[in-house]
Amino acid sequence: MLVEVLRGRAVVGSQVWDDAVVAWESEHLTYVGQPRPGDPDIRQAGYILPGLIDLHCHGGGGESFPDATMRDEVAVAAMYHRQNGTTVLSAATSTMGFGRMEFVLGLLGQACEEDLIEGIEIEGPFLSRERCGSQNANYLLAPDPACAELLLDAAGGYAWAMAVAPELEGAADLVECLARRGVLPAWAHTNADSTIARRMNDLACTLLADHGKAPLDYPVVDHLFNAMREMNHRAPGPVMEYMAAARLNRATVEIIADGVHVSNELVRDVVEILGPDSIALVTDAMAAAGMPDGTYELGGLLVHVTNGVARLRGGNLAGGTRCLMDIVRNVVACGVDLATAVEMATRTPARVLGRTDVGELREGMRADVLLVSPELEVERVYRRGRIVA
């Protein structure tokens, strides 16, 4: 039986403990607390963290989840993020031909069976043409519960969320379908005004509570600010409605806090307004994550990466090129304390997924543990108690 004991500064819950011991046997943590007689005298430099959880990722290491044709391509992307500290990964699709989406969802469902990834968000095809961003507009569809059922079935029960532009005709029926299936609506790629955003979020909360099958009774907001109507003081759009909902525990907002998608100052302000319970840090990473500048693919579209920034030929941002630990490090550099930044990459996304076995350093939890340097660079990753090569 594998037994491991680490000692050093650790992020435990919402605090950083200056001297903690984290121990596990096999796959589960057996002790998290103050040093005991017989524990190691040598303390690790840097920090001991829980494994990170990324809700929204399109790929990495040169491979793309939406564009994958075989299991090994999915494995390359998943392992890139795992080696960099993301021990629970949800793969996101992209808008493509319907048959192609069904195929890749089946492939990702198989990857969940094999424990390469641990969830799927279906992003596309029920999104706004005006705010499609890097989604392929040629394949966008009006919300259709029958089509949604086919996509959910293709995912084999592993889809936890489906992206929806709430202003589209048929969105209400689609949200009803998702709530009945225990799947969260994820507001995304939307041109909604504030009235529609509030009304549809309230409807989703009611339907999710009524059916009681989803991990939460409220929706997720995909990459807040990005691919949605801009905020204006006379035409506020959906952003402030989603922030207000998050403040009232009626939504969880995702933020791509990589210093490119949202300004660092705005990230800091949103964290100070909402607190970590309502925010999940995500990468929105695509194939170029961890790779040099060049041309890559996302949902069948060519993406050009220059100085680490991914864009379509027309200039739209096309996903991220960072892993989640990079984003945690950037959020700390924004002025957010380490424990808060870690919580937004661990406990909050775990709650979104309905997971009670990951996201914290606590006795009985799965032994997903990171050792990072004082500069928050990943040095060692343990997943299910075993070191990730």
# chains A, B, ... in the order shown; residues from 1 in each chain; ligands from 1
>>> residues_around(residues="region 137-143 of chain A", least_positions_apart="4", cutoff="8 Å", atoms="only C-alpha atoms", output="short mmCIF file (atom, residue, chain, number, x, y, z; two decimals) with all heavy atoms, in the first residue's frame")
data_model
loop_
_atom_site.label_atom_id
_atom_site.label_comp_id
_atom_site.auth_asym_id
_atom_site.auth_seq_id
_atom_site.Cartn_x
_atom_site.Cartn_y
_atom_site.Cartn_z
N THR A 95 -18.29 24.06 -31.66
CA THR A 95 -19.34 23.91 -32.67
C THR A 95 -18.76 23.36 -33.97
O THR A 95 -17.89 23.99 -34.59
CB THR A 95 -20.01 25.27 -32.94
OG1 THR A 95 -20.53 25.78 -31.71
CG2 THR A 95 -21.14 25.12 -33.95
N MET A 96 -19.26 22.20 -34.37
CA MET A 96 -18.85 21.56 -35.62
C MET A 96 -20.09 20.93 -36.23
O MET A 96 -21.21 21.11 -35.72
CB MET A 96 -17.75 20.51 -35.34
CG MET A 96 -16.53 21.07 -34.63
SD MET A 96 -15.27 19.84 -34.21
CE MET A 96 -14.49 19.62 -35.81
N GLY A 97 -19.92 20.21 -37.34
CA GLY A 97 -21.04 19.48 -37.89
C GLY A 97 -21.64 18.56 -36.86
O GLY A 97 -20.92 18.01 -36.01
N PHE A 98 -22.97 18.35 -36.90
CA PHE A 98 -23.63 17.63 -35.83
C PHE A 98 -23.10 16.20 -35.69
O PHE A 98 -22.83 15.74 -34.58
CB PHE A 98 -25.15 17.60 -36.09
CG PHE A 98 -25.94 17.23 -34.87
CD1 PHE A 98 -26.28 18.19 -33.94
CD2 PHE A 98 -26.32 15.92 -34.64
CE1 PHE A 98 -26.99 17.86 -32.79
CE2 PHE A 98 -27.03 15.57 -33.51
CZ PHE A 98 -27.37 16.55 -32.57
N GLY A 124 -21.52 24.48 -27.89
CA GLY A 124 -22.03 24.44 -29.25
C GLY A 124 -23.04 23.32 -29.39
O GLY A 124 -23.02 22.37 -28.60
N PRO A 125 -23.95 23.42 -30.34
CA PRO A 125 -24.05 24.45 -31.40
C PRO A 125 -25.11 25.52 -31.12
O PRO A 125 -25.41 26.32 -32.01
CB PRO A 125 -24.48 23.60 -32.60
CG PRO A 125 -25.37 22.55 -32.00
CD PRO A 125 -24.82 22.26 -30.62
N PHE A 126 -25.66 25.60 -29.90
CA PHE A 126 -26.82 26.46 -29.63
C PHE A 126 -26.36 27.82 -29.11
O PHE A 126 -26.67 28.22 -27.98
CB PHE A 126 -27.75 25.78 -28.64
CG PHE A 126 -28.09 24.36 -29.02
CD1 PHE A 126 -27.78 23.30 -28.16
CD2 PHE A 126 -28.70 24.08 -30.23
CE1 PHE A 126 -28.09 22.00 -28.51
CE2 PHE A 126 -29.00 22.76 -30.60
CZ PHE A 126 -28.69 21.72 -29.73
N LEU A 127 -25.63 28.55 -29.95
CA LEU A 127 -24.96 29.78 -29.54
C LEU A 127 -25.29 30.94 -30.49
O LEU A 127 -25.78 30.73 -31.59
CB LEU A 127 -23.45 29.56 -29.49
CG LEU A 127 -22.98 28.36 -28.65
CD1 LEU A 127 -21.49 28.15 -28.80
CD2 LEU A 127 -23.36 28.54 -27.18
N SER A 128 -24.99 32.15 -30.04
CA SER A 128 -25.31 33.35 -30.80
C SER A 128 -24.38 33.52 -32.00
O SER A 128 -23.15 33.42 -31.87
CB SER A 128 -25.18 34.57 -29.88
OG SER A 128 -25.10 35.76 -30.63
N ARG A 129 -24.97 33.82 -33.13
CA ARG A 129 -24.17 34.10 -34.32
C ARG A 129 -23.39 35.40 -34.15
O ARG A 129 -22.24 35.52 -34.61
CB ARG A 129 -25.09 34.17 -35.54
CG ARG A 129 -24.40 34.15 -36.88
CD ARG A 129 -25.40 33.92 -37.99
NE ARG A 129 -26.07 32.64 -37.85
CZ ARG A 129 -25.57 31.48 -38.32
NH1 ARG A 129 -24.40 31.49 -38.94
NH2 ARG A 129 -26.22 30.36 -38.15
N CYS A 132 -20.30 34.60 -31.72
CA CYS A 132 -19.80 33.23 -31.86
C CYS A 132 -18.32 33.09 -31.54
O CYS A 132 -17.84 32.00 -31.25
CB CYS A 132 -20.10 32.67 -33.24
SG CYS A 132 -19.30 33.54 -34.60
N ALA A 148 -30.36 18.21 -28.64
CA ALA A 148 -29.62 18.18 -27.38
C ALA A 148 -29.61 16.78 -26.78
O ALA A 148 -28.59 16.31 -26.26
CB ALA A 148 -30.21 19.18 -26.40
N VAL A 164 -25.49 27.43 -23.76
CA VAL A 164 -26.73 27.94 -24.34
C VAL A 164 -26.65 29.46 -24.41
O VAL A 164 -26.26 30.10 -23.42
CB VAL A 164 -27.97 27.56 -23.49
CG1 VAL A 164 -29.25 28.02 -24.18
CG2 VAL A 164 -28.01 26.08 -23.18
N LEU A 168 -31.81 33.04 -27.60
CA LEU A 168 -32.26 32.36 -28.82
C LEU A 168 -33.64 31.74 -28.64
O LEU A 168 -33.99 31.25 -27.57
CB LEU A 168 -31.25 31.28 -29.22
CG LEU A 168 -29.83 31.76 -29.56
CD1 LEU A 168 -28.98 30.57 -29.97
CD2 LEU A 168 -29.84 32.82 -30.65
N GLU A 169 -34.42 31.77 -29.71
CA GLU A 169 -35.74 31.15 -29.67
C GLU A 169 -35.58 29.66 -29.41
O GLU A 169 -34.79 28.98 -30.05
CB GLU A 169 -36.45 31.37 -31.01
CG GLU A 169 -37.88 30.85 -31.02
CD GLU A 169 -38.60 31.16 -32.33
OE1 GLU A 169 -38.02 31.88 -33.17
OE2 GLU A 169 -39.73 30.68 -32.49
N GLY A 170 -36.35 29.16 -28.45
CA GLY A 170 -36.25 27.76 -28.07
C GLY A 170 -35.35 27.49 -26.89
O GLY A 170 -35.26 26.35 -26.41
N ALA A 171 -34.67 28.54 -26.37
CA ALA A 171 -33.74 28.34 -25.26
C ALA A 171 -34.45 27.84 -24.01
O ALA A 171 -33.91 27.01 -23.26
CB ALA A 171 -32.97 29.63 -24.96
N ASP A 173 -37.10 25.92 -23.75
CA ASP A 173 -37.38 24.48 -23.88
C ASP A 173 -36.10 23.67 -23.72
O ASP A 173 -36.12 22.57 -23.14
CB ASP A 173 -38.02 24.19 -25.24
CG ASP A 173 -39.43 24.74 -25.36
OD1 ASP A 173 -40.07 24.96 -24.32
OD2 ASP A 173 -39.88 24.96 -26.51
N LEU A 174 -35.00 24.20 -24.22
CA LEU A 174 -33.72 23.50 -24.08
C LEU A 174 -33.31 23.42 -22.60
O LEU A 174 -32.84 22.37 -22.13
CB LEU A 174 -32.64 24.20 -24.90
CG LEU A 174 -31.24 23.60 -24.82
CD1 LEU A 174 -31.23 22.13 -25.23
CD2 LEU A 174 -30.27 24.39 -25.69
#
>>> residues_around(residues="Ala111 (chain A)", least_positions_apart="5", cutoff="8 Å", atoms="only C-alpha atoms", output="ChimeraX atom specification")
/A:71,74-75,116-117
>>> select_by_dssp(residues="region 18-126 of chain A", states="strand (DSSP E or B)", output="ChimeraX atom specification")
/A:18-25,28-33,44-50,52-57,59-60,63-64,86-92,120-122
>>> residues_around(residues="Asp19 (chain A)", least_positions_apart="2", cutoff="8 Å", atoms="only C-alpha atoms", output="list in words")
Arg7, Gly8, Arg9, Ala10, Trp17, Val21, Gln34 and Pro35 of chain A
>>> write_last_selection(atoms="all heavy atoms", output="PDB file, in the first residue's frame")
ATOM      1  N   ARG A   7       5.475  17.523   4.327  1.00  0.00           N
ATOM      2  CA  ARG A   7       5.410  18.559   5.359  1.00  0.00           C
ATOM      3  C   ARG A   7       5.858  19.883   4.763  1.00  0.00           C
ATOM      4  O   ARG A   7       6.843  19.947   4.025  1.00  0.00           O
ATOM      5  CB  ARG A   7       6.291  18.189   6.554  1.00  0.00           C
ATOM      6  CG  ARG A   7       6.258  19.216   7.676  1.00  0.00           C
ATOM      7  CD  ARG A   7       7.046  18.749   8.881  1.00  0.00           C
ATOM      8  NE  ARG A   7       7.078  19.777   9.924  1.00  0.00           N
ATOM      9  CZ  ARG A   7       7.675  19.622  11.103  1.00  0.00           C
ATOM     10  NH1 ARG A   7       8.295  18.480  11.392  1.00  0.00           N
ATOM     11  NH2 ARG A   7       7.649  20.597  11.994  1.00  0.00           N
ATOM     12  N   GLY A   8       5.130  20.948   5.076  1.00  0.00           N
ATOM     13  CA  GLY A   8       5.497  22.272   4.595  1.00  0.00           C
ATOM     14  C   GLY A   8       4.320  23.219   4.664  1.00  0.00           C
ATOM     15  O   GLY A   8       3.291  22.918   5.269  1.00  0.00           O
ATOM     16  N   ARG A   9       4.449  24.362   4.022  1.00  0.00           N
ATOM     17  CA  ARG A   9       3.331  25.302   3.936  1.00  0.00           C
ATOM     18  C   ARG A   9       2.255  24.691   3.042  1.00  0.00           C
ATOM     19  O   ARG A   9       2.563  24.182   1.966  1.00  0.00           O
ATOM     20  CB  ARG A   9       3.796  26.629   3.369  1.00  0.00           C
ATOM     21  CG  ARG A   9       4.637  27.453   4.334  1.00  0.00           C
ATOM     22  CD  ARG A   9       5.084  28.762   3.714  1.00  0.00           C
ATOM     23  NE  ARG A   9       6.041  28.516   2.636  1.00  0.00           N
ATOM     24  CZ  ARG A   9       6.582  29.473   1.884  1.00  0.00           C
ATOM     25  NH1 ARG A   9       6.228  30.738   2.069  1.00  0.00           N
ATOM     26  NH2 ARG A   9       7.456  29.183   0.939  1.00  0.00           N
ATOM     27  N   ALA A  10       1.012  24.773   3.482  1.00  0.00           N
ATOM     28  CA  ALA A  10      -0.065  24.118   2.740  1.00  0.00           C
ATOM     29  C   ALA A  10      -1.298  25.002   2.715  1.00  0.00           C
ATOM     30  O   ALA A  10      -1.595  25.703   3.687  1.00  0.00           O
ATOM     31  CB  ALA A  10      -0.416  22.764   3.380  1.00  0.00           C
ATOM     32  N   TRP A  17      -1.528  27.311   5.876  1.00  0.00           N
ATOM     33  CA  TRP A  17      -0.891  26.877   7.121  1.00  0.00           C
ATOM     34  C   TRP A  17       0.616  26.924   6.932  1.00  0.00           C
ATOM     35  O   TRP A  17       1.151  26.373   5.953  1.00  0.00           O
ATOM     36  CB  TRP A  17      -1.320  25.467   7.474  1.00  0.00           C
ATOM     37  CG  TRP A  17      -2.758  25.349   7.872  1.00  0.00           C
ATOM     38  CD1 TRP A  17      -3.721  26.296   7.774  1.00  0.00           C
ATOM     39  CD2 TRP A  17      -3.376  24.184   8.421  1.00  0.00           C
ATOM     40  NE1 TRP A  17      -4.914  25.805   8.221  1.00  0.00           N
ATOM     41  CE2 TRP A  17      -4.743  24.520   8.638  1.00  0.00           C
ATOM     42  CE3 TRP A  17      -2.933  22.910   8.753  1.00  0.00           C
ATOM     43  CZ2 TRP A  17      -5.647  23.599   9.155  1.00  0.00           C
ATOM     44  CZ3 TRP A  17      -3.831  22.005   9.281  1.00  0.00           C
ATOM     45  CH2 TRP A  17      -5.172  22.340   9.488  1.00  0.00           C
ATOM     46  N   VAL A  21       1.244  18.935   7.912  1.00  0.00           N
ATOM     47  CA  VAL A  21       1.569  17.601   7.409  1.00  0.00           C
ATOM     48  C   VAL A  21       0.380  17.094   6.603  1.00  0.00           C
ATOM     49  O   VAL A  21      -0.772  17.188   7.050  1.00  0.00           O
ATOM     50  CB  VAL A  21       1.886  16.634   8.569  1.00  0.00           C
ATOM     51  CG1 VAL A  21       1.928  15.187   8.076  1.00  0.00           C
ATOM     52  CG2 VAL A  21       3.220  17.008   9.204  1.00  0.00           C
ATOM     53  N   GLN A  34      -1.432  19.558  12.008  1.00  0.00           N
ATOM     54  CA  GLN A  34      -0.156  19.990  12.564  1.00  0.00           C
ATOM     55  C   GLN A  34       0.809  18.806  12.647  1.00  0.00           C
ATOM     56  O   GLN A  34       0.383  17.646  12.721  1.00  0.00           O
ATOM     57  CB  GLN A  34      -0.368  20.585  13.954  1.00  0.00           C
ATOM     58  CG  GLN A  34      -1.296  21.789  13.973  1.00  0.00           C
ATOM     59  CD  GLN A  34      -0.784  22.926  13.113  1.00  0.00           C
ATOM     60  OE1 GLN A  34       0.411  23.244  13.125  1.00  0.00           O
ATOM     61  NE2 GLN A  34      -1.678  23.546  12.360  1.00  0.00           N
ATOM     62  N   PRO A  35       2.114  19.079  12.611  1.00  0.00           N
ATOM     63  CA  PRO A  35       3.097  17.986  12.692  1.00  0.00           C
ATOM     64  C   PRO A  35       2.924  17.145  13.951  1.00  0.00           C
ATOM     65  O   PRO A  35       2.591  17.654  15.027  1.00  0.00           O
ATOM     66  CB  PRO A  35       4.438  18.732  12.697  1.00  0.00           C
ATOM     67  CG  PRO A  35       4.149  20.021  12.021  1.00  0.00           C
ATOM     68  CD  PRO A  35       2.758  20.390  12.408  1.00  0.00           C
TER      69      PRO A  35
END
>>> residues_around(residues="Ala310 (chain A)", least_positions_apart="4", cutoff="10 Å", atoms="only C-alpha atoms", output="ChimeraX atom specification")
/A:260,285-289,293-296,302-306,315-321
>>> closest_residue(among="A:Ala244, A:Val332, A:Leu298, A:Ala77", to="Ser90 (chain A)", atoms="only C-alpha atoms")
A:Ala77
>>> residues_around(residues="Asp337 (chain A)", least_positions_apart="2", cutoff="12 Å", atoms="only C-alpha atoms", output="ChimeraX atom specification")
/A:11,14-16,268,271-272,275-276,328-335,339-344
>>> write_last_selection(atoms="N, CA and C atoms", output="CSV table (one decimal), in the first residue's frame")
chain,number,residue,atom,x,y,z
A,11,VAL,N,-2.0,25.0,1.6
A,11,VAL,CA,-3.3,25.6,1.5
A,11,VAL,C,-4.4,24.6,1.9
A,14,SER,N,-9.6,27.7,3.3
A,14,SER,CA,-9.4,29.1,2.9
A,14,SER,C,-8.2,29.7,3.6
A,15,GLN,N,-7.2,28.9,4.1
A,15,GLN,CA,-6.1,29.4,4.8
A,15,GLN,C,-4.8,28.8,4.3
A,16,VAL,N,-3.7,29.5,4.5
A,16,VAL,CA,-2.4,28.9,4.3
A,16,VAL,C,-1.8,28.6,5.6
A,268,ARG,N,-9.2,41.1,-10.5
A,268,ARG,CA,-9.1,41.4,-9.0
A,268,ARG,C,-10.4,42.0,-8.5
A,271,VAL,N,-13.2,39.4,-8.1
A,271,VAL,CA,-12.9,38.5,-7.0
A,271,VAL,C,-13.3,39.2,-5.7
A,272,GLU,N,-12.9,40.5,-5.6
A,272,GLU,CA,-13.3,41.3,-4.4
A,272,GLU,C,-14.8,41.5,-4.3
A,275,GLY,N,-16.2,37.2,-4.3
A,275,GLY,CA,-15.6,36.2,-3.4
A,275,GLY,C,-15.4,34.9,-4.1
A,276,PRO,N,-14.5,34.0,-3.6
A,276,PRO,CA,-14.1,32.8,-4.3
A,276,PRO,C,-15.2,31.7,-4.5
A,328,VAL,N,-3.6,30.4,-11.9
A,328,VAL,CA,-3.5,30.7,-10.4
A,328,VAL,C,-2.4,31.6,-10.1
A,329,ARG,N,-1.3,31.4,-10.7
A,329,ARG,CA,-0.1,32.2,-10.5
A,329,ARG,C,-0.4,33.7,-10.9
A,330,ASN,N,-1.0,33.8,-12.1
A,330,ASN,CA,-1.4,35.2,-12.6
A,330,ASN,C,-2.4,35.9,-11.6
A,331,VAL,N,-3.3,35.1,-11.1
A,331,VAL,CA,-4.3,35.7,-10.2
A,331,VAL,C,-3.6,36.2,-8.9
A,332,VAL,N,-2.7,35.5,-8.4
A,332,VAL,CA,-1.9,35.9,-7.3
A,332,VAL,C,-1.2,37.2,-7.6
A,333,ALA,N,-0.6,37.2,-8.8
A,333,ALA,CA,0.1,38.4,-9.2
A,333,ALA,C,-0.8,39.6,-9.3
A,334,CYS,N,-2.1,39.4,-9.6
A,334,CYS,CA,-3.1,40.5,-9.6
A,334,CYS,C,-3.3,41.1,-8.3
A,335,GLY,N,-2.9,40.5,-7.2
A,335,GLY,CA,-3.1,41.0,-5.9
A,335,GLY,C,-4.1,40.2,-5.0
A,339,ALA,N,-4.6,31.6,-1.0
A,339,ALA,CA,-5.7,30.6,-0.7
A,339,ALA,C,-7.0,30.9,-1.5
A,340,THR,N,-7.3,32.2,-1.7
A,340,THR,CA,-8.4,32.5,-2.5
A,340,THR,C,-8.3,32.1,-3.9
A,341,ALA,N,-7.1,32.3,-4.5
A,341,ALA,CA,-6.8,31.9,-5.9
A,341,ALA,C,-7.0,30.4,-6.0
A,342,VAL,N,-6.4,29.6,-5.1
A,342,VAL,CA,-6.5,28.2,-5.1
A,342,VAL,C,-7.9,27.7,-5.0
A,343,GLU,N,-8.7,28.3,-4.1
A,343,GLU,CA,-10.1,27.9,-3.9
A,343,GLU,C,-10.9,28.0,-5.2
A,344,MET,N,-10.6,29.1,-6.0
A,344,MET,CA,-11.3,29.2,-7.3
A,344,MET,C,-10.9,28.2,-8.3
>>> closest_residue(among="A:Gly133, A:Gly259, A:Gly157, A:Gly119", to="Leu55 (chain A)", atoms="only C-alpha atoms")
A:Gly119
>>> residues_around(residues="region 184-199 of chain A", least_positions_apart="4", cutoff="9 Å", atoms="only C-alpha atoms", output="VMD selection string")
chain A and resid 121 123 127 to 133 135 160 to 168 174 to 175 178 to 179 203 to 204 208 214 to 224 226 to 230 235 to 242 245
